[in-house]
Each structure stands twice: as structure tokens, then as C-alpha cells.
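J.: So that we are looking at the same thing, I have put the structure below in C-alpha cells.
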Amino acid sequence: IVEDGFRPAFADVVDEAKGEEHFTSSVKLVKLEQNLRCNIVRLVERCWAQSPQERPRTFADVEGEIERLLQPFNNDSNAAVDSNKGITTPVRIGYATDIGTRSRMEDAVVDYCMDHGRGHTHIVGVFDGHNGDHIAALAKYIVKDTLDSIVAHASTGTTNNDACVLLSQLFENFERGLSDREDAARTGTTATVGVVQQNGTSTDLCIGWVGDSRAIVFDIPQRHHQDDGDDGIEAEVLLCTTNHAPSEESERVRIESLGGVVDRLKKTRDDGFEMPYGPQRVYAGDGTSGGLAVSRALGNTRWRPWISSDHETLVLSWSNDTGGGGGGTTRVLVLATDGLWDVTTDAELFAVVQSFVAKGPSAVADALVRRAVDDKQTQDNCAVVVCVL
């Protein structure tokens, strides 16, 4: 079977997909279904490829690819009609992940959409676990449980659709759900979450974060061709988060005021001299616990209060009359774990986005991850979410 390459034939599946147009009146839907079947076949064939380099690297990559293939169907249903019968343009979302050079994948991505009558609410985010991937994975399911609860209460009229209220509720649920776990004492995750609230006339974007994953929103000039990128591209940055790192002055002051210590790891040379190396880290006052390179995280309850779970928030709103960008620009939100940002400048980010955005957000996310992992050889896991607003 292996040597002769015997595998099931999918010709009938593909041919059947090509002959289904008479079953529906929507030519566009038929094309989407045909593409879905053909792309699923390609994904299956990649999974059993003779060369390991041609196969998906993890089951998370397979899951992500399937969700990306289903995205056009979700987007088709994500057009909301307001009281003036105006159509809200749906957010287009794509994401990509890679294990990088690490032995295990500790990053997780969230992407959910909820209808609320007047429009849609999109929740996107990235989580970067440390000391294991289970905390980041659990955070992903807390998002789903939160939205399921909101949908269940929608009929009572008690649902609050405000983006910032929903974001605060998510982080409250993160704190409660993660801190109750016994293994959360020594493990945790950073989190950067975006809530995009589309109403009939306006769009609200609320970003919340703890740790060193990062989000940036910018308008980039539209271009009708793809090239290798130009680091000189000018983009208007509208919103950008800052890392919660022990080296940041405000974070250092907070930690030290609580009795914690900010210091670097030390190695002892052969002559007995101690040399500091690596980034600044958080330690308890007695030096017996800590050593995290972030000053805020979800979980890590053993290291409270020096490691804070309090999230920061940034808000951006705009009118749907002009769209996300307007004036010949495209508005883009990128959320990514530090595996990307360690090897990517803003200028490099803008260049990749402009080169691939015409192919869709999934193509942008994949290009960013491949550049970070293959070209720049990032030393960390990498997870990227791209939203075209």
C-alpha cells in the first residue's frame, strides 16, 4: 500500500460536486459547495502525503483548515439588516498556527460569531499557554460557553450587546474558570481578545489583553496586485496594544510595590561570576517562586499578586456608511502571539498584509506564520488571527 501508493480515489466525489447545480437555485452556493468538496479532497491527500513536509503538522492545523474552508458559508449568512434596510458588511476572518521549533503546541485561537437581531458579534483571540497547553485550550472553550450562555438568555431581553461589557464578562469568566483549577497554580496563559460588534449603522471594536500577545488595527492602502512586499509601505495605525512585560516601568513599579522582584535569570561562569541573561522576569520577594517573563496572565495563581490577571482595554468605533477603511484603504485587525512579534516589525507586517489581503484574511495569516517560522525561524509557537473589517 505504501510503496505502490494505493489510496482511495475521489474522482466520483469531485465529479458529483460538479454536477449538483440543478439541486439549488443559488449558483454562488453551488460554487462554494464544489470548492469545499475539492478542497477537502486536497486536505485528505495532504494528510497521507508520502513526504512528511507536505502533511499538516498538527491536528490543530487540520481543524483550522476545515474551519477556514467553511468560512465562506458562515460569511454568506453574516449580513445583518438594520432598521433602515442597510446591509452591514460582514467581518472576514482567517487564522493560522504553527508549532515552530517547540516540542509542543501551547498557542490556541478563538473565532466565534453570534447573531443578536440587529447585527453580529464576532469574538476573536489568541492565547499563549506556558507550562502546558491545557490552560490556553480551556480558555478557548470558556469563550464558547460564555456565548452559549448569552444566546440562551437572549429571549429574556437581558442580553447586553455592548462590546466592552461582553469583553469584561469574558475575562471574568476566564479568571473564574481558570483559577478554580488546581493545575492553574503553576500554569497559565496570556490572552488577547477582540470583540467586534456590528450594528445597523456602526461597528465597535473592543480589545482586551493580558501578557505579551499583541493586537494592532491599521488602515492600509489598497493595491490590485501582489508582489514580494515593500517595507516602506505607509499604514495608519489606529489601535495598538502594549506588552505587559516586567521591563515596562509601570509594571515594574506595580510588582515592586507588592513586594515582588523584577530581575533577569543568571548563569554562573567558570570563574564564579554571575552573569544575567534573557528578558526581565517576575519573582516573589524571597526569590522562591516566579520567573515568568510576563507581568500579567490568566492562571498562575501561585504567583499572585505579582502576576496580575487584570486586563487592559482599547476601543475603536466607526460608521458603517464609510466602511472599515474608506478612501482607498482597507482596515485590518491582526492579533498574534509573541512567536510572530519576536521576529516581525510593524513595517514587515504592513508589507505582508498589503501583498496578500486581496486573497483574503486566511492567506494573510498563513503568509505571516510562514514568514515567521520558515524565513525568520521564530523560536516559539506562532498563532495569528487576521480580520478584514
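In the C-alpha cells, chains take letters A, B, ... by order of appearance, with residues numbered from 1 within each chain and ligands from 1 in the order shown.
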For A:Gln50, find every residue with an atom within 10 Å (counting only C-alpha atoms), except residues of its own chain fewer than 4 positions away, and show them as a list of chain:residue names.
T.: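 Counting only the stated atoms, we get A:Val2, A:Glu3, A:Gly5, A:Glu45, A:Arg46, A:Glu54, A:Arg55.
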J.: I need the residues from that last selection saved to file as a PDB file, in the first residue's frame (with N, CA, C and O atoms), if you can.
T.:
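Contents of result-v4.pdb, freshly written:
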ATOM      1  N   VAL A   2       1.914   1.251   0.818  1.00  0.00           N
ATOM      2  CA  VAL A   2       2.770   2.434   0.906  1.00  0.00           C
ATOM      3  C   VAL A   2       3.629   2.578  -0.336  1.00  0.00           C
ATOM      4  O   VAL A   2       3.706   3.647  -0.952  1.00  0.00           O
ATOM      5  N   GLU A   3       4.289   1.488  -0.731  1.00  0.00           N
ATOM      6  CA  GLU A   3       5.237   1.567  -1.846  1.00  0.00           C
ATOM      7  C   GLU A   3       4.551   1.855  -3.166  1.00  0.00           C
ATOM      8  O   GLU A   3       5.078   2.585  -4.010  1.00  0.00           O
ATOM      9  N   GLY A   5       1.586   3.283  -3.431  1.00  0.00           N
ATOM     10  CA  GLY A   5       0.776   4.495  -3.346  1.00  0.00           C
ATOM     11  C   GLY A   5      -0.710   4.272  -3.484  1.00  0.00           C
ATOM     12  O   GLY A   5      -1.434   5.136  -3.999  1.00  0.00           O
ATOM     13  N   GLU A  45      -5.681  14.310   0.979  1.00  0.00           N
ATOM     14  CA  GLU A  45      -4.493  13.840   0.267  1.00  0.00           C
ATOM     15  C   GLU A  45      -3.209  14.380   0.893  1.00  0.00           C
ATOM     16  O   GLU A  45      -2.181  13.704   0.906  1.00  0.00           O
ATOM     17  N   ARG A  46      -3.274  15.614   1.428  1.00  0.00           N
ATOM     18  CA  ARG A  46      -2.111  16.153   2.138  1.00  0.00           C
ATOM     19  C   ARG A  46      -1.824  15.371   3.412  1.00  0.00           C
ATOM     20  O   ARG A  46      -0.671  15.173   3.789  1.00  0.00           O
ATOM     21  N   GLU A  54       4.897  17.644   3.473  1.00  0.00           N
ATOM     22  CA  GLU A  54       3.679  18.034   2.763  1.00  0.00           C
ATOM     23  C   GLU A  54       2.428  17.861   3.616  1.00  0.00           C
ATOM     24  O   GLU A  54       1.356  18.331   3.260  1.00  0.00           O
ATOM     25  N   ARG A  55       2.541  17.162   4.770  1.00  0.00           N
ATOM     26  CA  ARG A  55       1.375  16.909   5.613  1.00  0.00           C
ATOM     27  C   ARG A  55       1.133  18.073   6.570  1.00  0.00           C
ATOM     28  O   ARG A  55       2.074  18.803   6.918  1.00  0.00           O
TER      29      ARG A  55
END
J.: Which residues, written as a ChimeraX atom specification, have at least one atom at most 7 Å from stretch 160-173 of chain A, with only C-alpha atoms counted and residues fewer than 2 positions away on the same chain left out?
T.: /A:142-143,146,158,175-177,195-197,204-206,208
J.: Per DSSP on the backbone, what are the alpha helix (DSSP H) residues of stretch 83-219 of chain A, as a ChimeraX atom specification?
T.: /A:134-153,163-179
J.: So what do you get for atom CA of A:Thr121 versus atom CA of A:Arg92, distance-wise?
T.: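 For atom CA of A:Thr121 relative to atom CA of A:Arg92, the distance reads 12.5 Å.
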J.: From the list A:Gly285, A:Gly211, A:Pro90, A:Pro8, which residue is nearest A:Leu389 when using only C-alpha atoms?
T.: A:Pro90
J.: Quick one: distance from atom CA of A:Val91 to atom CA of A:Ser317 in Å, one decimal?
T.: 14.2 Å
J.: Do you have the atom CA of A:Ile216-atom CA of A:Ala351 distance handy?
T.: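 Between these atoms lies a distance of 14.3 Å.
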J.: So which one's closest to A:Arg304, A:Arg281, A:Val388, A:Glu234, A:Arg186? Using only C-alpha atoms, please.
T.: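 Looking at the shortest contact to A:Arg304, the residue is A:Arg186.
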J.: Do you know which residues are at most 8 Å from A:Ala215 counting only C-alpha atoms, after dropping those on the same chain fewer than 3 positions away, and could you put them as a VMD selection string?
T.: chain A and resid 192 207 239 to 241 333 to 336
J.: Would you put the residues from that selection into a file with N, CA and C atoms, as a short mmCIF file (atom, residue, chain, number, x, y, z; two decimals), in the first residue's frame?
T.:
data_model
loop_
_atom_site.label_atom_id
_atom_site.label_comp_id
_atom_site.auth_asym_id
_atom_site.auth_seq_id
_atom_site.Cartn_x
_atom_site.Cartn_y
_atom_site.Cartn_z
N THR A 192 -5.14 37.75 24.30
CA THR A 192 -5.53 38.97 23.60
C THR A 192 -6.80 38.67 22.84
N ILE A 207 -10.76 45.70 22.34
CA ILE A 207 -9.64 44.79 22.51
C ILE A 207 -9.26 44.72 23.99
N LEU A 239 -5.00 51.58 16.41
CA LEU A 239 -5.03 50.99 17.75
C LEU A 239 -3.90 49.99 17.85
N CYS A 240 -3.21 49.99 18.99
CA CYS A 240 -2.09 49.07 19.16
C CYS A 240 -1.91 48.79 20.65
N THR A 241 -1.87 47.53 21.03
CA THR A 241 -1.67 47.18 22.43
C THR A 241 -0.18 47.23 22.79
N LEU A 333 -7.37 44.11 11.32
CA LEU A 333 -7.01 43.80 12.70
C LEU A 333 -6.16 42.54 12.69
N VAL A 334 -4.99 42.60 13.34
CA VAL A 334 -4.13 41.43 13.49
C VAL A 334 -3.90 41.18 14.97
N LEU A 335 -4.21 39.97 15.41
CA LEU A 335 -3.89 39.53 16.76
C LEU A 335 -2.92 38.36 16.63
N ALA A 336 -1.86 38.35 17.43
CA ALA A 336 -0.87 37.27 17.29
C ALA A 336 -0.11 37.08 18.59
#
J.: Check the smallest atom-to-atom distance from each of A:Ser309, A:Ser319, A:Asn35, A:Ser362 to A:Thr203 using only C-alpha atoms, then report the winner.
T.: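 Among A:Ser309, A:Ser319, A:Asn35, A:Ser362, it is A:Ser319 that comes nearest to A:Thr203.
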J.: Write out as a list of chain:residue names each polymer residue whose atoms come within 8 Å of A:Ser202, counting only C-alpha atoms; drop sequence neighbours fewer than 3 positions from it.
T.: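 The residues that qualify are A:Gln198, A:Asn199, A:Ser317, A:Trp318, A:Ser319, A:Asn320, A:Asp321.
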J.: Which residues, written as a PyMOL selection string, have at least one atom at most 6 Å from A:Ala108, with only C-alpha atoms counted and residues fewer than 3 positions away on the same chain left out?
T.: chain A and resi 126-127+136-137
